[in-house]
>>> print(open('my_file_7.tsv').read())   # TSV, C-alpha atoms and all ligand atoms
chain	number	residue	atom	x	y	z
A	9	MET	CA	86.04	92.19	85.09
A	10	GLY	CA	89.79	92.42	85.37
A	11	GLU	CA	90.75	95.39	83.21
A	12	GLU	CA	89.89	98.93	84.29
A	13	ALA	CA	87.09	100.69	82.39
A	14	ILE	CA	87.73	104.05	84.04
A	15	ILE	CA	90.95	105.36	85.56
A	16	ILE	CA	90.83	108.67	87.38
A	17	SER	CA	94.14	110.06	88.63
A	18	GLU	CA	94.25	113.00	91.02
A	19	VAL	CA	91.49	114.91	89.28
A	20	SER	CA	90.73	118.37	90.63
A	21	ALA	CA	88.15	120.92	89.55
A	22	ALA	CA	87.10	124.36	90.75
A	23	TYR	CA	84.44	126.91	89.92
A	24	GLY	CA	86.17	130.23	90.59
A	25	SER	CA	87.73	129.94	94.01
A	26	LYS	CA	85.45	127.06	94.97
A	27	GLN	CA	87.20	123.68	94.90
A	28	VAL	CA	84.57	121.08	93.91
A	29	LEU	CA	86.83	118.07	93.25
A	30	ASP	CA	89.91	117.67	95.35
A	31	CYS	CA	92.53	115.29	93.97
A	32	VAL	CA	90.11	112.45	93.23
A	33	SER	CA	91.62	109.09	92.24
A	34	LEU	CA	89.48	106.08	91.35
A	35	ASN	CA	89.57	102.93	89.28
A	36	VAL	CA	86.40	101.31	87.96
A	37	PRO	CA	86.79	97.69	86.82
A	38	ALA	CA	85.09	96.79	83.53
A	39	GLY	CA	81.65	95.21	83.84
A	40	THR	CA	80.92	96.57	87.29
A	41	HIS	CA	78.07	98.67	88.58
A	42	PHE	CA	79.93	101.46	90.30
A	43	ALA	CA	77.88	103.90	92.36
A	44	LEU	CA	79.04	107.35	93.35
A	45	LEU	CA	77.07	108.22	96.44
A	46	GLY	CA	77.00	111.67	97.96
A	47	PRO	CA	74.78	114.59	98.86
A	48	ASN	CA	73.91	117.30	96.36
A	49	GLY	CA	76.89	119.50	95.76
A	50	ALA	CA	79.38	116.69	96.53
A	51	GLY	CA	80.92	116.97	93.06
A	52	LYS	CA	79.35	113.93	91.36
A	53	THR	CA	78.01	115.77	88.30
A	54	THR	CA	81.29	117.61	87.87
A	55	LEU	CA	83.15	114.29	87.84
A	56	VAL	CA	80.74	112.80	85.29
A	57	SER	CA	81.10	115.93	83.14
A	58	ILE	CA	84.87	115.47	83.14
A	59	LEU	CA	84.61	111.76	82.31
A	60	SER	CA	82.19	112.50	79.49
A	61	THR	CA	84.57	115.17	78.07
A	62	LEU	CA	82.17	118.06	78.67
A	63	ARG	CA	84.47	119.76	81.15
A	64	ARG	CA	88.24	119.72	81.41
A	65	PRO	CA	89.74	118.88	84.77
A	66	ASP	CA	91.77	121.68	86.35
A	67	GLY	CA	94.30	119.08	87.45
A	68	GLY	CA	94.99	115.39	87.06
A	69	SER	CA	93.91	113.07	84.26
A	70	ALA	CA	91.23	110.52	83.42
A	71	ARG	CA	90.86	107.69	80.94
A	72	VAL	CA	87.65	105.98	79.81
A	73	ALA	CA	87.99	102.65	77.98
A	74	GLY	CA	91.65	103.49	77.50
A	75	ALA	CA	91.13	106.95	75.97
A	76	ASP	CA	92.40	110.08	77.72
A	77	VAL	CA	89.40	112.42	78.11
A	78	VAL	CA	91.48	115.54	77.40
A	79	LYS	CA	93.93	114.25	74.79
A	80	SER	CA	91.55	111.96	72.86
A	81	PRO	CA	88.04	113.28	73.53
A	82	THR	CA	86.51	111.91	70.30
A	83	GLU	CA	87.75	108.41	71.03
A	84	ALA	CA	86.58	108.72	74.63
A	85	ARG	CA	83.12	109.87	73.53
A	86	ARG	CA	82.66	106.85	71.27
A	87	SER	CA	83.05	104.45	74.16
A	88	ILE	CA	80.65	106.14	76.53
A	89	GLY	CA	76.92	106.75	76.77
A	90	VAL	CA	75.61	109.43	79.10
A	91	VAL	CA	72.25	110.08	80.71
A	92	PHE	CA	72.24	113.49	82.32
A	93	GLN	CA	70.27	114.60	85.34
A	94	ASP	CA	68.07	116.89	83.27
A	95	SER	CA	66.31	115.64	80.17
A	96	SER	CA	67.88	116.55	76.86
A	97	LEU	CA	65.29	114.92	74.60
A	98	ASP	CA	63.51	116.96	71.98
A	99	ASP	CA	59.90	116.50	72.99
A	100	ARG	CA	58.54	117.72	69.64
A	101	LEU	CA	60.11	114.68	67.99
A	102	THR	CA	59.12	111.03	68.21
A	103	ALA	CA	61.13	108.43	70.10
A	104	TRP	CA	62.50	107.16	66.77
A	105	GLU	CA	63.46	110.65	65.59
A	106	ASN	CA	65.30	111.42	68.81
A	107	LEU	CA	67.33	108.25	68.42
A	108	GLU	CA	67.84	108.77	64.70
A	109	PHE	CA	69.33	112.18	65.37
A	110	HIS	CA	71.72	110.72	67.94
A	111	GLY	CA	72.75	107.97	65.49
A	112	LEU	CA	73.48	110.57	62.82
A	113	VAL	CA	75.60	112.61	65.22
A	114	TYR	CA	77.59	109.48	65.98
A	115	GLY	CA	78.03	108.76	62.27
A	116	MET	CA	76.28	105.38	62.44
A	117	ALA	CA	75.62	103.79	59.03
A	118	PRO	CA	71.88	103.69	58.10
A	119	LYS	CA	71.48	99.91	58.38
A	120	ARG	CA	73.20	99.64	61.75
A	121	ARG	CA	71.37	102.74	62.97
A	122	ARG	CA	67.96	101.26	62.14
A	123	MET	CA	68.82	97.92	63.70
A	124	MET	CA	70.13	99.48	66.89
A	125	ILE	CA	67.17	101.87	67.25
A	126	GLU	CA	64.79	98.92	67.12
A	127	GLN	CA	66.93	96.94	69.53
A	128	VAL	CA	67.33	99.62	72.19
A	129	LEU	CA	63.65	100.62	72.06
A	130	GLU	CA	62.70	96.98	72.65
A	131	LEU	CA	65.20	96.75	75.46
A	132	VAL	CA	63.56	99.58	77.39
A	133	GLU	CA	60.08	98.36	76.42
A	134	LEU	CA	59.20	101.37	74.32
A	135	GLY	CA	58.73	99.41	71.10
A	136	ASP	CA	55.03	100.28	71.05
A	137	TRP	CA	55.83	103.97	71.39
A	138	THR	CA	58.39	104.20	68.61
A	139	HIS	CA	56.49	106.76	66.55
A	140	GLU	CA	54.86	108.69	69.37
A	141	VAL	CA	55.91	112.25	70.10
A	142	VAL	CA	58.01	112.45	73.28
A	143	ARG	CA	55.80	115.23	74.65
A	144	SER	CA	53.19	112.56	75.46
A	145	PHE	CA	55.66	110.41	77.49
A	146	SER	CA	55.67	110.12	81.28
A	147	GLY	CA	58.81	110.96	83.26
A	148	GLY	CA	59.72	107.27	83.52
A	149	MET	CA	59.29	106.70	79.78
A	150	ARG	CA	61.51	109.68	79.01
A	151	ARG	CA	64.20	108.33	81.30
A	152	ARG	CA	63.99	104.95	79.58
A	153	LEU	CA	64.24	106.62	76.19
A	154	GLU	CA	67.31	108.52	77.36
A	155	ILE	CA	68.89	105.26	78.49
A	156	ALA	CA	68.05	103.76	75.08
A	157	ARG	CA	69.65	106.74	73.35
A	158	ALA	CA	72.78	106.50	75.50
A	159	LEU	CA	73.12	102.85	74.44
A	160	LEU	CA	72.48	103.36	70.73
A	161	HIS	CA	76.11	103.55	69.61
A	162	GLU	CA	76.97	100.50	71.75
A	163	PRO	CA	79.18	102.17	74.35
A	164	LYS	CA	81.36	100.18	76.73
A	165	ILE	CA	80.58	102.48	79.62
A	166	LEU	CA	77.30	104.07	80.64
A	167	PHE	CA	77.20	107.14	82.89
A	168	LEU	CA	73.91	107.84	84.61
A	169	ASP	CA	73.78	111.03	86.61
A	170	GLU	CA	70.98	110.68	89.19
A	171	PRO	CA	68.97	108.56	86.74
A	172	THR	CA	65.91	108.15	88.91
A	173	VAL	CA	65.47	111.57	90.50
A	174	GLY	CA	61.83	112.63	90.44
A	175	LEU	CA	60.55	109.16	89.51
A	176	ASP	CA	58.19	107.06	91.60
A	177	ALA	CA	59.41	103.91	93.36
A	178	GLN	CA	57.95	101.54	90.75
A	179	THR	CA	59.58	103.34	87.82
A	180	ARG	CA	62.86	103.44	89.70
A	181	GLN	CA	62.74	99.70	90.15
A	182	HIS	CA	61.96	99.28	86.47
A	183	ILE	CA	65.03	101.27	85.49
A	184	TRP	CA	67.34	99.35	87.81
A	185	HIS	CA	65.97	96.18	86.32
A	186	TYR	CA	67.00	97.28	82.77
A	187	LEU	CA	70.40	98.30	83.95
A	188	GLY	CA	70.96	94.93	85.61
A	189	ARG	CA	70.01	93.15	82.40
A	190	LEU	CA	72.27	95.33	80.34
A	191	ARG	CA	75.28	94.61	82.43
A	192	GLN	CA	74.66	90.91	82.21
A	193	GLU	CA	74.02	90.90	78.48
A	194	ARG	CA	76.76	93.30	77.36
A	195	ASN	CA	79.37	93.38	80.11
A	196	LEU	CA	78.66	97.08	80.22
A	197	THR	CA	80.31	99.16	82.92
A	198	VAL	CA	77.68	101.30	84.60
A	199	LEU	CA	78.64	104.32	86.68
A	200	THR	CA	75.70	105.89	88.46
A	201	THR	CA	75.55	108.88	90.73
A	202	THR	CA	72.88	109.08	93.36
A	203	HIS	CA	71.99	110.42	96.75
A	204	TYR	CA	69.49	107.60	97.35
A	205	ILE	CA	71.21	105.13	99.64
A	206	GLU	CA	68.69	102.38	98.88
A	207	GLU	CA	69.73	102.50	95.22
A	208	VAL	CA	73.33	101.56	95.84
A	209	GLU	CA	72.70	98.40	97.85
A	210	ASP	CA	73.01	96.31	94.68
A	211	ALA	CA	76.06	98.08	93.30
A	212	ASP	CA	79.32	96.11	93.09
A	213	ILE	CA	81.31	99.05	94.39
A	214	VAL	CA	80.07	102.11	96.24
A	215	CYS	CA	82.22	105.19	96.43
A	216	ILE	CA	81.18	107.78	98.99
A	217	ILE	CA	82.01	111.31	97.95
A	218	ASP	CA	81.50	114.43	100.02
A	219	GLY	CA	82.84	117.93	99.58
A	220	GLY	CA	84.76	116.91	96.45
A	221	LYS	CA	86.71	114.18	98.25
A	222	ILE	CA	86.46	110.40	98.20
A	223	ILE	CA	85.60	109.36	101.73
A	224	ALA	CA	85.39	105.58	101.30
A	225	GLU	CA	85.11	102.93	98.63
A	226	GLY	CA	84.16	99.26	98.66
A	227	SER	CA	81.33	96.79	98.24
A	228	PRO	CA	78.23	97.69	100.30
A	229	GLN	CA	79.04	94.75	102.56
A	230	THR	CA	82.64	95.82	103.12
A	231	LEU	CA	81.64	99.40	103.86
A	232	LYS	CA	79.05	98.24	106.35
A	233	SER	CA	81.39	95.91	108.15
A	234	GLN	CA	84.24	98.46	108.22
A	235	HIS	CA	82.36	101.65	109.01
A	236	GLY	CA	78.77	100.79	109.91
A	237	LYS	CA	77.39	100.93	113.38
A	238	ARG	CA	75.24	98.24	114.98
A	239	TRP	CA	72.31	99.43	117.05
A	240	LEU	CA	70.08	97.84	119.61
A	241	HIS	CA	66.42	98.86	119.31
A	242	LEU	CA	64.67	98.74	122.67
A	243	THR	CA	61.07	99.24	123.73
A	244	PRO	CA	61.15	99.78	127.52
A	245	ARG	CA	58.13	98.72	129.59
A	246	ASP	CA	57.50	102.24	130.91
A	247	ALA	CA	58.63	105.86	130.68
A	248	GLU	CA	60.75	105.54	133.80
A	249	THR	CA	62.85	102.72	132.33
A	250	LEU	CA	63.17	104.65	129.07
A	251	ALA	CA	64.52	107.66	130.96
A	252	ILE	CA	67.02	105.49	132.90
A	253	VAL	CA	68.35	103.80	129.74
A	254	GLN	CA	68.57	107.16	128.03
A	255	SER	CA	70.55	108.69	130.86
A	256	ARG	CA	72.89	105.68	130.89
A	257	PHE	CA	73.50	105.95	127.12
A	258	PRO	CA	73.76	109.60	126.10
A	259	GLU	CA	74.29	108.48	122.46
A	260	ALA	CA	70.88	106.74	122.42
A	261	GLN	CA	68.42	108.06	119.85
A	262	ALA	CA	64.67	108.23	120.41
A	263	LEU	CA	62.56	106.11	118.06
A	264	GLY	CA	59.19	107.76	118.48
A	265	SER	CA	58.10	108.33	122.09
A	266	ALA	CA	58.34	104.78	123.44
A	267	ALA	CA	61.47	103.21	121.92
A	268	LEU	CA	65.19	103.86	121.77
A	269	ALA	CA	68.14	102.97	119.57
A	270	VAL	CA	71.30	102.36	121.59
A	271	PRO	CA	74.74	101.97	119.96
A	272	ALA	CA	75.62	98.27	120.21
A	273	ASP	CA	79.26	98.12	119.19
A	274	LYS	CA	80.55	97.02	122.57
A	275	ASP	CA	79.39	93.53	123.48
A	276	ASP	CA	80.07	93.90	127.20
A	277	GLN	CA	77.94	97.05	127.39
A	278	VAL	CA	75.10	95.34	125.54
A	279	ASP	CA	75.31	92.30	127.81
A	280	ALA	CA	75.25	94.50	130.93
A	281	LEU	CA	72.27	96.46	129.65
A	282	LEU	CA	70.27	93.36	128.74
A	283	THR	CA	71.02	91.73	132.07
A	284	GLU	CA	70.08	94.78	134.09
A	285	PHE	CA	66.88	95.64	132.24
A	286	ARG	CA	65.83	92.15	131.14
A	287	ASP	CA	62.45	92.29	132.91
A	288	ARG	CA	61.70	95.85	131.97
A	289	LEU	CA	61.98	95.61	128.17
A	290	LEU	CA	59.01	94.71	125.97
A	291	GLU	CA	61.03	94.29	122.80
A	292	VAL	CA	64.73	94.01	121.93
A	293	ARG	CA	66.05	93.85	118.39
A	294	PHE	CA	69.49	94.27	116.80
A	295	GLN	CA	69.69	96.59	113.82
A	296	GLN	CA	72.56	95.58	111.55
A	297	PRO	CA	74.72	98.35	110.02
A	298	THR	CA	73.17	100.16	107.05
A	299	LEU	CA	74.86	102.31	104.41
A	300	GLU	CA	73.04	105.23	106.02
A	301	SER	CA	74.97	104.56	109.23
A	302	VAL	CA	78.19	104.21	107.19
A	303	PHE	CA	77.65	107.66	105.71
A	304	LEU	CA	76.82	109.08	109.13
A	305	SER	CA	79.87	107.60	110.80
A	306	LEU	CA	82.22	108.72	107.99
A	307	THR	CA	80.92	112.25	107.53
A	308	GLY	CA	79.15	112.99	110.81
A	309	LYS	CA	75.93	113.91	109.00
A	310	GLU	CA	72.80	112.35	107.57
A	311	LEU	CA	72.88	111.98	103.79
A	312	ARG	CA	69.14	112.18	103.31
A	313	ASP	CA	68.52	115.40	105.22
A	314	ARG	CA	71.34	117.22	103.63
A	315	ALA	CA	70.58	115.99	100.14
A	316	ASP	CA	66.96	117.09	100.23
A	317	GLY	CA	67.73	120.41	101.85
A	318	GLN	CA	70.44	121.20	99.35
A	319	ARG	CA	68.24	120.17	96.42
A	320	ASP	CA	65.51	122.54	97.59
A	321	ALA	CA	68.06	125.30	97.97
A	322	ASP	CA	69.42	124.62	94.47
A	323	LYS	CA	65.96	124.64	93.00
A	324	ALA	CA	65.14	127.90	94.74
A	325	ALA	CA	68.34	129.41	93.35
A	326	GLY	CA	67.36	128.20	89.87
A	327	ARG	CA	70.78	126.62	89.41
A	328	ARG	CA	69.40	124.00	87.05
A	329	GLY	CA	66.95	125.98	85.05
A	330	GLY	CA	65.93	124.74	81.60
A	331	ARG	CA	66.98	121.73	79.58
A	332	ARG	CA	70.44	120.64	78.68
B	1	LIG	N1	78.35	125.97	86.69
B	1	LIG	C1	78.64	126.11	87.98
B	1	LIG	N2	79.07	127.29	88.47
B	1	LIG	C2	79.39	127.44	89.76
B	1	LIG	N3	79.33	126.44	90.69
B	1	LIG	C3	78.92	125.26	90.26
B	1	LIG	C4	78.55	125.01	88.89
B	1	LIG	N4	78.20	123.72	88.77
B	1	LIG	C5	78.32	123.17	90.00
B	1	LIG	N5	78.74	124.10	90.90
B	1	LIG	C6	79.02	123.85	92.33
B	1	LIG	O1	79.96	122.82	92.42
B	1	LIG	C7	79.66	121.95	93.52
B	1	LIG	C8	79.56	120.53	93.01
B	1	LIG	O2	78.43	120.43	92.14
B	1	LIG	P1	78.02	119.08	91.41
B	1	LIG	O3	76.83	119.40	90.56
B	1	LIG	O4	79.21	118.49	90.78
B	1	LIG	O5	77.60	118.20	92.65
B	1	LIG	P2	76.68	116.92	92.69
B	1	LIG	O6	77.24	116.05	93.73
B	1	LIG	O7	76.51	116.34	91.36
B	1	LIG	O8	75.29	117.47	93.16
B	1	LIG	P3	73.95	117.52	92.31
B	1	LIG	O9	73.30	116.23	92.53
B	1	LIG	O10	73.21	118.67	92.91
B	1	LIG	O11	74.33	117.78	90.90
B	1	LIG	C9	78.37	122.47	94.13
B	1	LIG	O12	78.69	123.23	95.26
B	1	LIG	C10	77.78	123.34	93.06
B	1	LIG	O13	77.03	124.38	93.63
>>> encode(input="my_file_7.tsv", output="C-alpha cells", more="lines below")
Ligand SMILES: Nc1ncnc2c1ncn2[C@@H]1O[C@H](COP(=O)(O)OP(=O)(O)OP(=O)(O)O)[C@@H](O)[C@H]1O
Amino acid sequence: MGEEAIIISEVSAAYGSKQVLDCVSLNVPAGTHFALLGPNGAGKTTLVSILSTLRRPDGGSARVAGADVVKSPTEARRSIGVVFQDSSLDDRLTAWENLEFHGLVYGMAPKRRRMMIEQVLELVELGDWTHEVVRSFSGGMRRRLEIARALLHEPKILFLDEPTVGLDAQTRQHIWHYLGRLRQERNLTVLTTTHYIEEVEDADIVCIIDGGKIIAEGSPQTLKSQHGKRWLHLTPRDAETLAIVQSRFPEAQALGSAALAVPADKDDQVDALLTEFRDRLLEVRFQQPTLESVFLSLTGKELRDRADGQRDADKAAGRRGGRR
C-alpha cells in the first residue's frame, strides 16, 4: 500500500443526453481490494470501461499504474487485467488455446507464455482441464478461466466487473478465495464491481455509487459506523402490544407478523421503550448496522430490490445480448 494504483479525477461520461458518470474522483491505493458497490445502471461498468481504455471519458482524466488511459492506452493496458460481466471466451477452443491467444495478443515470448499459462491454470485449479474445450465448462469454471486469462500477462491491477453474477454461492466463495490469495501473493490491486452487499464485507475500501455519483467511500466498518442504523428487533407477547409499539414508532418495520424492527439510534428512546414494555416482550435483540442499512440511509432505497428489478428490465430490453 502507499502509492496509488488508480487515480480518477473528475471523470464524466454520457450516452447521448444521459449523464452516467458525474464528475467522479477516486483514488485506489495499490494492493487493496476496492469494491464499487451500486445498483444496476449506477455507472460501474462505464467506469471500468474507461479505466480499461475501452471508452474515453467525456470529461476528466484517469491513470492506472501511472499511465493515463487516454494519452497512453497501450501502457495502461499492459498493467491491467479485465474480467468483463459477459463471457468473452471462445468456447470452441480449449482452456490452453484461449490463454495462448491472449498471450500472443500481449506479445508474450513463447517460454514466458507457456510458463504463465501453466501457472495461472494451476492457480484457479483448472490444471486438469487444460486441454478440454471450454464448451464443456460450467459457469464457475469459465469465470475462473477468465480470471486466469486476465492474470496471464502479470498485470498490477485486476478489474472484475460483477465477477460472480449468475454463479451459485459455493462458486462465488471459491472465486473470492482465489482473489484473496492473489492479492496476498502478488500485491495485486483488485477493483471489483458488484451489487451484492455481502460480497463487499471483506473489501478494504467500499465505494458506493448511485446515479453516476460517488455517495460514500470507506472501509465497511467506517461506513457502518458513520452511516449505518442500529435497530432493535422485538417480539411482543401479543398482537395488542405489537400494535402499541408500532403506533409509538411509526418508523418501525414489520418482521413477519409477530416481530418488529425499531430504529435504535437514540439511547433514551430505547431505554424508555424497554422499561415500559419489559414484561410484554418475548425477545429483544440489537441488530448492528449493516452495509444494507448504510446504502438505505445514504440513498433512501434498498439496493437489492432495485438491482434485481433493473437487471430484469435490462434483460427484457436485451441490452446485453450476445458475447463481448
Ligand atoms: N451502450 C449504451 N448506450 C446507452 N446507454 C447505456 C449504454 N451502456 C450503458 N448505458 C446506460 O448507462 C447507465 C450506466 O450503465 P452501466 O452499465 O455503467 O451501469 P452499471 O452500474 O455497471 O450497471 P450494470 O451492472 O447493469 O452494468 C445505465 O443507465 C445504462 O442503461
>>> atom_distance(input="my_file_7.tsv", atom1="atom CA of Cys215 of chain A", atom2="atom CA of Leu45 of chain A")
6.0 Å
>>> residues_near_ligand(input="my_file_7.tsv", ligand="ligand LIG 1 (chain B)", cutoff="9 Å", atoms="only C-alpha atoms and all ligand atoms", output="ChimeraX atom specification")
/A:21-24,26-29,44-57,93,169-170,201-203,217-220,315,318-319,322,327-328
>>> residues_near_point(input="my_file_7.tsv", point="(91.1, 112.6, 83.6)", cutoff="9 Å", atoms="only C-alpha atoms", output="count of residues only")
19
>>> atom_distance(input="my_file_7.tsv", atom1="atom CA of Leu101 of chain A", atom2="atom CA of Val141 of chain A")
5.3 Å
>>> residues_around(input="my_file_7.tsv", residues="His110 of chain A", least_positions_apart="3", cutoff="9 Å", atoms="all atoms listed in the file", output="ChimeraX atom specification")
/A:105-107,113-116,157-158,160-161
>>> atom_distance(input="my_file_7.tsv", atom1="atom CA of Thr40 of chain A", atom2="atom CA of Gly135 of chain A")
27.6 Å
>>> closest_residue(input="my_file_7.tsv", among="A:Thr138, A:Thr249, A:Thr82, A:Ser95", to="Arg150 of chain A", atoms="only C-alpha atoms")
A:Ser95
>>> closest_residue(input="my_file_7.tsv", among="A:Ile252, A:Ala117, A:Ile205, A:Leu240", to="Asp273 of chain A", atoms="all atoms listed in the file")
A:Leu240
>>> residues_around(input="my_file_7.tsv", residues="Phe285 of chain A", least_positions_apart="4", cutoff="10 Å", atoms="only C-alpha atoms", output="list in words")
Pro244, Arg245, Thr249, Ile252, Val253, Ala280, Leu281 and Leu289 of chain A
>>> closest_residue(input="my_file_7.tsv", among="A:Thr172, A:Pro163, A:Asp30, A:Glu108", to="Phe92 of chain A", atoms="all atoms listed in the file")
A:Thr172
>>> closest_residue(input="my_file_7.tsv", among="A:Tyr204, A:Thr102, A:Phe109, A:Gln178", to="Ser144 of chain A", atoms="only C-alpha atoms")
A:Thr102
>>> closest_residue(input="my_file_7.tsv", among="A:Met149, A:Leu34, A:Val132, A:Leu199", to="Ser60 of chain A", atoms="all atoms listed in the file")
A:Leu199
>>> residues_around(input="my_file_7.tsv", residues="Lys274 of chain A", least_positions_apart="3", cutoff="12 Å", atoms="all atoms listed in the file", output="NGL selection string")
:A and (237-240 or 270-271 or 277-281)
>>> closest_residue(input="my_file_7.tsv", among="A:Phe303, A:Gln261, A:Glu126, A:His139", to="Glu225 of chain A", atoms="all atoms listed in the file")
A:Phe303
